[in-house]
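Text of the file run_5.cif, holding mmCIF, C-alpha atoms and all ligand atoms:
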```
data_final
loop_
_atom_site.label_atom_id
_atom_site.label_comp_id
_atom_site.auth_asym_id
_atom_site.auth_seq_id
_atom_site.Cartn_x
_atom_site.Cartn_y
_atom_site.Cartn_z
CA MET A 14 39.08 89.57 164.90
CA VAL A 15 39.45 91.71 168.01
CA ASN A 16 41.86 94.64 168.18
CA GLY A 17 44.38 92.87 170.43
CA GLN A 18 44.76 90.05 167.90
CA TRP A 19 45.36 92.50 165.02
CA SER A 20 48.00 94.30 166.93
CA MET A 21 49.73 90.97 167.81
CA MET A 22 49.80 90.05 164.13
CA LEU A 23 51.11 93.44 163.06
CA ARG A 24 53.89 93.60 165.64
CA PRO A 25 56.53 91.67 163.60
CA LEU A 26 55.74 93.88 160.60
CA LYS A 27 56.25 97.03 162.67
CA VAL A 28 59.56 95.72 164.00
CA ALA A 29 60.72 94.89 160.47
CA ALA A 30 59.73 98.35 159.18
CA GLY A 31 61.56 100.02 162.07
CA THR A 32 64.68 97.96 161.41
CA LEU A 33 64.52 98.85 157.73
CA LEU A 34 64.24 102.56 158.54
CA LEU A 35 67.21 102.37 160.90
CA LEU A 36 69.22 100.50 158.28
CA CYS A 37 68.42 103.13 155.63
CA PHE A 38 69.46 105.88 158.03
CA ALA A 39 72.73 104.12 158.90
CA LEU A 40 73.51 103.49 155.23
CA GLN A 41 72.77 107.10 154.34
CA THR A 42 74.98 108.39 157.16
CA SER A 43 77.81 106.06 156.28
CA ALA A 44 77.55 107.02 152.61
CA GLN A 45 78.05 110.65 153.55
CA GLY A 46 81.54 112.03 153.45
CA LEU A 47 83.14 115.03 155.14
CA LYS A 48 82.06 117.27 152.27
CA ASP A 49 78.41 116.37 152.92
CA VAL A 50 78.62 116.67 156.69
CA PHE A 51 80.17 120.14 156.38
CA ALA A 52 78.25 121.20 153.26
CA ARG A 53 76.68 124.20 155.01
CA ASP A 54 79.99 125.31 156.54
CA PHE A 55 82.90 125.12 154.10
CA LEU A 56 84.48 123.11 151.31
CA MET A 57 86.52 120.18 152.58
CA GLY A 58 89.90 119.88 150.90
CA VAL A 59 92.89 117.56 150.81
CA SER A 60 96.44 117.82 149.47
CA LEU A 61 97.49 115.06 147.10
CA SER A 62 100.48 113.61 145.35
CA GLY A 63 100.23 111.98 141.92
CA ARG A 64 100.46 108.61 143.70
CA ASN A 65 97.17 109.17 145.57
CA VAL A 66 95.24 109.47 142.31
CA ARG A 67 96.80 106.28 140.90
CA ILE A 68 95.38 104.06 143.66
CA ASP A 69 91.72 103.03 143.31
CA ALA A 70 90.93 102.88 147.04
CA GLU A 71 92.46 106.32 147.57
CA GLN A 72 90.52 107.74 144.61
CA ASP A 73 87.33 106.45 146.23
CA LEU A 74 88.26 108.02 149.56
CA ILE A 75 88.97 111.37 147.86
CA ARG A 76 85.72 111.33 145.88
CA ARG A 77 83.68 110.43 148.92
CA HIS A 78 85.04 113.03 151.33
CA PHE A 79 86.50 116.01 149.51
CA ASN A 80 85.34 118.76 147.17
CA SER A 81 88.60 120.74 147.02
CA VAL A 82 92.10 119.48 146.16
CA THR A 83 95.58 120.99 146.49
CA CYS A 84 98.74 119.53 144.94
CA GLU A 85 101.07 118.80 147.84
CA ASN A 86 104.17 119.49 145.74
CA ALA A 87 103.35 119.19 142.04
CA MET A 88 102.45 122.84 141.33
CA LYS A 89 105.37 124.37 143.20
CA PRO A 90 107.88 126.29 141.06
CA ALA A 91 110.73 123.78 141.65
CA SER A 92 108.51 120.90 140.50
CA LEU A 93 107.01 122.62 137.46
CA HIS A 94 109.85 124.83 136.27
CA PRO A 95 113.25 123.50 137.40
CA ALA A 96 115.26 125.31 134.69
CA PRO A 97 114.58 128.26 132.35
CA ASP A 98 113.18 126.24 129.46
CA VAL A 99 112.20 123.10 131.29
CA TRP A 100 108.56 122.55 132.28
CA ARG A 101 107.43 119.35 134.00
CA TRP A 102 103.67 119.15 133.87
CA ASP A 103 103.03 115.40 134.28
CA GLU A 104 102.30 115.17 137.99
CA ALA A 105 100.27 118.38 138.23
CA ASP A 106 98.33 117.48 135.06
CA ARG A 107 97.53 114.03 136.46
CA ILE A 108 96.03 115.53 139.62
CA ALA A 109 94.27 118.34 137.73
CA ASN A 110 92.77 115.81 135.28
CA PHE A 111 91.50 113.67 138.16
CA CYS A 112 89.81 116.80 139.53
CA ARG A 113 88.41 117.78 136.14
CA GLU A 114 86.98 114.28 135.61
CA ASN A 115 85.40 114.26 139.06
CA GLY A 116 84.14 117.84 139.17
CA ILE A 117 86.41 118.75 142.10
CA LYS A 118 87.74 122.29 142.47
CA MET A 119 91.41 122.98 143.13
CA ARG A 120 93.41 125.38 145.30
CA GLY A 121 96.64 126.22 143.51
CA HIS A 122 99.75 125.89 145.70
CA CYS A 123 101.95 127.86 145.30
CA LEU A 124 103.34 130.57 143.02
CA VAL A 125 106.12 132.02 145.21
CA TRP A 126 107.89 130.31 148.11
CA HIS A 127 111.49 130.65 149.28
CA ASN A 128 111.54 126.85 149.50
CA GLN A 129 111.10 124.57 146.48
CA PHE A 130 111.45 127.64 144.29
CA SER A 131 112.87 127.92 140.75
CA ASP A 132 116.20 129.14 142.13
CA TRP A 133 117.58 129.75 138.64
CA MET A 134 115.36 132.85 138.49
CA TYR A 135 117.68 134.64 140.93
CA TYR A 136 120.93 134.26 138.99
CA ASP A 137 122.70 135.20 135.77
CA ASP A 138 125.10 132.90 133.87
CA LYS A 139 127.95 133.77 136.22
CA GLY A 140 125.99 132.94 139.36
CA ASN A 141 125.43 136.57 140.40
CA PHE A 142 122.05 137.92 141.42
CA VAL A 143 120.15 139.34 138.42
CA ASP A 144 118.60 142.79 138.74
CA LYS A 145 115.06 143.06 140.04
CA GLU A 146 113.57 143.76 136.61
CA THR A 147 115.03 140.56 135.15
CA PHE A 148 113.78 138.61 138.14
CA TYR A 149 110.27 140.07 137.86
CA ALA A 150 110.14 139.33 134.11
CA ARG A 151 110.99 135.67 134.83
CA LEU A 152 108.53 135.48 137.70
CA LYS A 153 105.77 137.04 135.61
CA ASP A 154 106.35 134.57 132.80
CA HIS A 155 106.22 131.70 135.31
CA ILE A 156 103.03 132.91 136.98
CA LEU A 157 101.20 133.66 133.72
CA THR A 158 102.10 130.26 132.24
CA VAL A 159 101.11 128.22 135.31
CA VAL A 160 97.93 130.12 136.17
CA ASN A 161 96.72 130.02 132.55
CA ARG A 162 97.25 126.28 132.25
CA TYR A 163 95.03 125.47 135.23
CA LYS A 164 92.58 128.37 135.30
CA ASP A 165 89.65 126.14 134.25
CA VAL A 166 89.99 124.05 137.42
CA VAL A 167 91.87 126.18 139.97
CA TYR A 168 89.62 128.65 141.80
CA ALA A 169 92.13 129.97 144.37
CA TRP A 170 95.92 130.42 144.50
CA ASP A 171 98.38 130.57 147.35
CA VAL A 172 100.27 133.37 145.66
CA VAL A 173 102.94 133.97 148.27
CA ASN A 174 103.84 131.39 150.87
CA GLU A 175 105.68 131.97 154.17
CA ALA A 176 107.23 135.39 153.56
CA MET A 177 107.11 136.36 157.25
CA SER A 178 109.76 135.42 159.80
CA ASP A 179 109.21 133.45 163.00
CA GLY A 180 111.13 135.89 165.16
CA GLY A 181 113.88 138.49 165.12
CA GLU A 182 113.84 142.19 164.37
CA ASN A 183 112.57 142.12 160.81
CA PRO A 184 109.00 140.86 160.28
CA TYR A 185 110.01 139.57 156.84
CA ARG A 186 111.83 136.28 156.34
CA GLN A 187 115.38 136.99 155.27
CA SER A 188 115.16 134.80 152.17
CA LYS A 189 116.89 135.19 148.81
CA LEU A 190 113.65 136.68 147.53
CA TYR A 191 113.86 139.34 150.21
CA GLN A 192 117.57 139.95 149.68
CA LEU A 193 116.96 140.56 145.98
CA CYS A 194 113.69 142.52 146.08
CA GLY A 195 112.87 143.52 149.65
CA ASP A 196 109.17 142.93 150.40
CA GLU A 197 108.20 144.26 146.94
CA PHE A 198 108.20 140.72 145.46
CA ILE A 199 105.01 140.03 147.43
CA GLU A 200 102.92 142.70 145.76
CA LYS A 201 104.43 141.93 142.34
CA ALA A 202 103.41 138.29 142.65
CA PHE A 203 99.82 139.27 143.51
CA LEU A 204 99.65 141.71 140.61
CA PHE A 205 100.92 139.07 138.15
CA ALA A 206 98.47 136.48 139.50
CA ARG A 207 95.50 138.84 139.19
CA GLU A 208 96.55 139.71 135.64
CA ALA A 209 96.77 135.98 134.79
CA ASP A 210 93.33 135.15 136.19
CA PRO A 211 91.08 137.98 137.35
CA LYS A 212 88.55 135.43 138.69
CA ALA A 213 90.82 133.40 140.98
CA ILE A 214 90.86 134.34 144.66
CA LEU A 215 94.37 135.14 145.82
CA PHE A 216 95.86 134.19 149.18
CA TYR A 217 98.80 134.97 151.37
CA ASN A 218 99.57 131.65 153.14
CA ASP A 219 101.66 131.02 156.28
CA TYR A 220 102.25 128.71 159.27
CA ASN A 221 102.51 129.54 163.00
CA GLU A 222 99.72 131.89 162.01
CA THR A 223 98.09 131.74 165.46
CA ASN A 224 101.26 132.91 167.17
CA PRO A 225 100.34 136.40 168.47
CA ARG A 226 103.49 138.08 167.23
CA LYS A 227 103.53 136.45 163.81
CA SER A 228 99.79 136.95 163.29
CA ARG A 229 100.24 140.66 164.04
CA ASN A 230 103.00 140.85 161.42
CA ILE A 231 100.85 139.01 158.87
CA TYR A 232 97.94 141.32 159.67
CA GLU A 233 100.02 144.46 159.22
CA MET A 234 101.55 143.27 155.97
CA VAL A 235 98.16 142.36 154.46
CA LEU A 236 96.57 145.57 155.76
CA ARG A 237 99.26 147.70 154.14
CA MET A 238 99.05 145.83 150.83
CA ARG A 239 95.27 146.10 150.72
CA SER A 240 95.33 149.81 151.54
CA GLU A 241 97.73 150.22 148.61
CA GLY A 242 95.35 148.37 146.30
CA VAL A 243 97.34 145.13 146.00
CA PRO A 244 94.87 142.37 145.00
CA ILE A 245 94.99 140.10 148.08
CA ASP A 246 91.62 138.43 148.72
CA GLY A 247 92.42 136.08 151.53
CA ILE A 248 94.65 134.72 154.24
CA GLY A 249 95.64 131.07 154.27
CA MET A 250 96.07 129.72 157.78
CA GLN A 251 98.16 126.62 157.27
CA GLY A 252 97.02 124.89 160.45
CA HIS A 253 100.02 122.68 161.24
CA TYR A 254 98.94 122.10 164.83
CA ASN A 255 99.37 119.53 167.58
CA ILE A 256 97.27 117.86 170.26
CA PHE A 257 98.08 120.61 172.79
CA GLY A 258 97.80 123.73 170.71
CA PRO A 259 96.75 126.16 169.57
CA SER A 260 94.17 126.72 172.30
CA VAL A 261 90.69 127.84 171.34
CA LYS A 262 91.59 131.33 172.53
CA GLU A 263 94.75 131.51 170.42
CA LEU A 264 92.85 130.32 167.36
CA GLU A 265 89.92 132.67 167.96
CA ASP A 266 92.28 135.60 168.49
CA ALA A 267 93.98 134.98 165.16
CA LEU A 268 90.68 134.45 163.32
CA SER A 269 89.20 137.60 164.87
CA LEU A 270 92.24 139.56 163.77
CA TYR A 271 92.20 138.31 160.17
CA ALA A 272 88.43 138.14 159.60
CA PRO A 273 87.68 141.88 159.19
CA LEU A 274 90.71 142.32 156.94
CA VAL A 275 89.98 139.97 154.03
CA GLU A 276 87.03 138.48 152.16
CA HIS A 277 88.20 134.88 152.57
CA ILE A 278 90.02 132.77 155.10
CA HIS A 279 91.07 129.26 154.12
CA VAL A 280 92.59 126.70 156.46
CA THR A 281 95.08 125.42 153.95
CA GLU A 282 97.27 122.65 155.44
CA LEU A 283 95.53 121.18 158.48
CA ASP A 284 97.13 118.41 160.51
CA VAL A 285 97.31 117.70 164.24
CA ARG A 286 100.51 116.06 165.44
CA ALA A 287 100.44 113.66 168.36
CA SER A 288 103.52 115.42 169.79
CA GLU A 289 104.57 118.83 171.00
CA GLU A 290 106.01 119.91 167.67
CA MET A 291 104.11 122.41 165.57
CA GLY A 292 104.45 124.57 162.48
CA GLY A 293 105.35 124.13 158.85
CA GLN A 294 109.12 123.91 159.09
CA LEU A 295 110.93 120.81 157.98
CA ASN A 296 113.06 120.21 161.07
CA PHE A 297 110.74 117.89 162.91
CA SER A 298 111.08 114.35 164.17
CA LYS A 299 109.59 111.59 162.03
CA GLU A 300 110.12 109.08 164.83
CA GLY A 301 106.90 110.21 166.44
CA ILE A 302 105.28 108.25 169.24
CA SER A 303 103.31 105.07 169.85
CA MET A 304 99.61 105.68 169.92
CA THR A 305 97.81 105.17 173.24
CA ASP A 306 94.15 105.57 174.12
CA THR A 307 94.97 108.79 175.98
CA ILE A 308 96.75 110.33 173.00
CA GLN A 309 94.03 109.15 170.63
CA ALA A 310 91.49 110.91 172.87
CA LEU A 311 93.54 114.14 173.03
CA HIS A 312 93.86 114.05 169.23
CA ALA A 313 90.10 113.68 168.80
CA GLN A 314 89.43 116.46 171.35
CA GLN A 315 91.78 118.86 169.61
CA TYR A 316 90.11 118.21 166.24
CA GLU A 317 86.74 118.76 167.87
CA ARG A 318 87.84 122.11 169.37
CA LEU A 319 89.32 123.21 166.05
CA PHE A 320 86.20 122.41 164.05
CA GLN A 321 83.91 124.01 166.62
CA THR A 322 85.99 127.18 166.28
CA PHE A 323 86.19 127.02 162.48
CA ARG A 324 82.43 126.71 162.41
CA LYS A 325 82.02 129.85 164.52
CA PHE A 326 83.80 131.66 161.68
CA ARG A 327 81.99 129.87 158.85
CA ASP A 328 80.94 133.19 157.28
CA LYS A 329 84.61 133.91 156.61
CA ILE A 330 86.22 130.47 156.35
CA ASP A 331 85.16 128.89 153.09
CA CYS A 332 87.53 125.95 152.77
CA VAL A 333 89.37 123.66 155.20
CA THR A 334 92.12 121.54 153.60
CA PHE A 335 93.89 118.60 155.24
CA TRP A 336 97.59 118.30 154.47
CA ASN A 337 97.62 114.77 153.03
CA LEU A 338 94.97 112.09 152.67
CA HIS A 339 95.91 109.60 155.39
CA ASP A 340 98.61 109.01 158.02
CA GLY A 341 100.50 106.64 155.72
CA CYS A 342 101.30 109.42 153.25
CA SER A 343 101.63 112.38 155.64
CA TRP A 344 104.70 114.59 155.20
CA LEU A 345 105.11 114.10 158.98
CA GLY A 346 105.33 110.31 158.75
CA GLU A 347 102.67 107.95 160.01
CA LYS A 348 104.10 107.90 163.58
CA ASN A 349 103.00 111.49 164.14
CA HIS A 350 99.41 110.29 163.51
CA PRO A 351 98.24 113.70 162.24
CA LEU A 352 95.18 113.03 160.07
CA LEU A 353 91.59 111.74 160.20
CA PHE A 354 92.31 108.49 158.32
CA ASP A 355 94.92 105.87 159.25
CA LYS A 356 97.21 104.25 156.72
CA ALA A 357 94.62 101.53 156.09
CA LEU A 358 92.32 104.43 155.05
CA GLN A 359 90.07 103.80 158.05
CA PRO A 360 88.49 106.75 159.90
CA LYS A 361 90.07 107.42 163.31
CA PRO A 362 88.32 108.60 166.51
CA ALA A 363 88.94 112.21 165.47
CA TYR A 364 86.87 111.61 162.32
CA TYR A 365 83.92 110.29 164.30
CA ARG A 366 84.23 113.14 166.81
CA ILE A 367 84.05 115.96 164.27
CA THR A 368 81.29 114.36 162.24
CA ALA A 369 79.18 113.13 165.17
CA GLU A 370 78.65 116.40 166.97
CA LYS A 371 77.11 117.98 163.89
O1 LIG A 401 104.28 118.36 152.33
C1 LIG A 401 105.35 118.92 151.60
C2 LIG A 401 106.53 117.96 151.59
O2 LIG A 401 106.19 116.78 150.88
C3 LIG A 401 107.72 118.62 150.94
O3 LIG A 401 108.84 117.77 151.06
C4 LIG A 401 107.98 119.95 151.60
C5 LIG A 401 109.15 120.60 150.87
O4 LIG A 401 109.54 121.73 151.34
O5 LIG A 401 106.83 120.79 151.54
C6 LIG A 401 105.74 120.24 152.22
O6 LIG A 401 104.63 121.11 152.19
C7 LIG A 401 104.80 122.39 152.82
C8 LIG A 401 103.88 123.35 152.10
O7 LIG A 401 104.15 123.35 150.74
C9 LIG A 401 104.04 124.75 152.68
N1 LIG A 401 103.81 124.76 154.10
C10 LIG A 401 104.55 123.78 154.88
C11 LIG A 401 104.36 122.40 154.29
C12 LIG A 401 105.10 121.38 155.14
O8 LIG A 401 106.46 121.65 155.11
#
```

Give the structure from the file, written as structure tokens.
Ligand code: 9MR
Amino acid sequence: MVNGQWSMMLRPLKVAAGTLLLLCFALQTSAQGLKDVFARDFLMGVSLSGRNVRIDAEQDLIRRHFNSVTCENAMKPASLHPAPDVWRWDEADRIANFCRENGIKMRGHCLVWHNQFSDWMYYDDKGNFVDKETFYARLKDHILTVVNRYKDVVYAWDVVNEAMSDGGENPYRQSKLYQLCGDEFIEKAFLFAREADPKAILFYNDYNETNPRKSRNIYEMVLRMRSEGVPIDGIGMQGHYNIFGPSVKELEDALSLYAPLVEHIHVTELDVRASEEMGGQLNFSKEGISMTDTIQALHAQQYERLFQTFRKFRDKIDCVTFWNLHDGCSWLGEKNHPLLFDKALQPKPAYYRITAEK
């Protein structure tokens, strides 16, 4: 048989082999999750409620894409410790057990926050403020108990959340914590957390953290604490953003400010609203907007810019956590369209954008 005839006969085989190769490649790519795509950059995290880990399809989505989990609310003081002798572990245990069973690490959130706090710690029986020592003894007991319970699975804690103000004369938020203790409660919380688990990495966590004025205040507070030997290992940049901001420059400025100061930066609560609202405060509109192709494109572009910038700082950023699993369970409501997955758990254009350009 002459060469030409052989090659004619082999052609269908070659086509079939090529198709098979392409199919294998497509299957492999589609089997990869965010955690695989970003494996050389940072851990990919998600915040969860107990409900997420009760639904099979959501469990699958979590296992496929994420290798770090935060409890959205279940480990906050108000959830765990609503009264002096009352501990409610169910929800946090459920999420922690899901992580233990699936070999997923956890970020603990959070030990001290002016919101969703165990407010009883501030007061005596008559409703007056207790003295600082009594408050610190209660806080220490809380921190030691919580950190010890989860230290096998939690590798990092948001020790103090949102202690800085968004404006005004005083850089510190004028919360009850501040009224009772001044800014001293911050260092106390870090000292108690380090005592409870010397191995956990400890974060100060805040929103509007790319705002030049607030980032300067965060920087100065962390700098002072570190120079005094307070065990702060990292800064948590919450990352409650929108389709217009922050700009790459604003984000890079904040990252460049924080990076030399701490060993670790985590993006702790990432979402990108399809509106002009931003930040971690609760006074936002849940009405949201109707999605259009233009907004969908802006949303994808903003995610792309953010991840390009995060990757530039991959030596310092070691975890990026999305605040909620999909739009249907976002704290912002599905009409703000903030996440990578829609409420049917399907990847959105932003997902394809950040995974494709890798
Ligand atoms: O997503 C959380 C929402 O379900 C709670 O109702 C709210 C209560 O204050 O807290 C939300 O999470 C916040 C996080 O713990 C700290 N940074 C801001 C987040 C959004 O408010």

What does the list of residues within 8 Å of ligand LIG 401 (chain A) look like if you count all atoms listed in the file, written as a PyMOL selection string?
chain A and resi 85-86+89+122-123+128-129+174-175+219-220+251+253+282+292-295+336-337+343-345

So that I can check the surroundings of Ala109 of chain A, please list as an MDAnalysis selection string every protein, DNA and RNA residue that reaches within 8 Å of it, counting only C-alpha atoms and ignoring chain neighbours fewer than 3 positions away.
chainID A and resid 105:106 112:113 119 163 166

Residue nearest Gly63 of chain A among A:Gly116, A:Phe130, A:Gln321, A:Leu338 (counting only C-alpha atoms)
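Among the listed residues, A:Leu338 lies closest to Gly63 of chain A.
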
Using all atoms listed in the file, which of A:Arg327, A:Lys145, A:Lys356, A:His94 sits nearest Lys189 of chain A?
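The answer is A:Lys145, which sits nearest to Lys189 of chain A.
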
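In this comparison, which uses all atoms listed in the file, the residue of A:Asn230, A:Pro273, A:Glu114, A:Gly247 approaching Gly181 of chain A most closely is A:Asn230.
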
Atomic distance atom CA of Arg237 of chain A - atom CA of Lys325 of chain A, expressed in Å with one decimal
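Separating atom CA of Arg237 of chain A from atom CA of Lys325 of chain A is a distance of 26.9 Å.
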
Expressed in Å, the length from atom CA of Leu283 of chain A to atom CA of Pro259 of chain A is 12.2 Å

Nearest candidate to Ser288 of chain A (options A:Val172, A:Ile302, A:Val50, A:Leu124; using all atoms listed in the file):
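Closest residue, counting all atoms listed in the file: A:Ile302.
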
For Gly180 of chain A, find every residue with an atom within 10 Å (counting all atoms listed in the file), except residues of its own chain fewer than 5 positions away, and show them as number ranges by chain.
A: 185-186, 226-227

Would you output that residue set with C-alpha atoms, as an mmCIF file, keeping the file's coordinate frame?
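Result file is part31.cif:
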```cif
data_model
loop_
_atom_site.group_PDB
_atom_site.id
_atom_site.type_symbol
_atom_site.label_atom_id
_atom_site.label_comp_id
_atom_site.auth_asym_id
_atom_site.auth_seq_id
_atom_site.Cartn_x
_atom_site.Cartn_y
_atom_site.Cartn_z
ATOM 1 C CA TYR A 185 110.010 139.570 156.840
ATOM 2 C CA ARG A 186 111.830 136.280 156.340
ATOM 3 C CA ARG A 226 103.490 138.080 167.230
ATOM 4 C CA LYS A 227 103.530 136.450 163.810
#
```
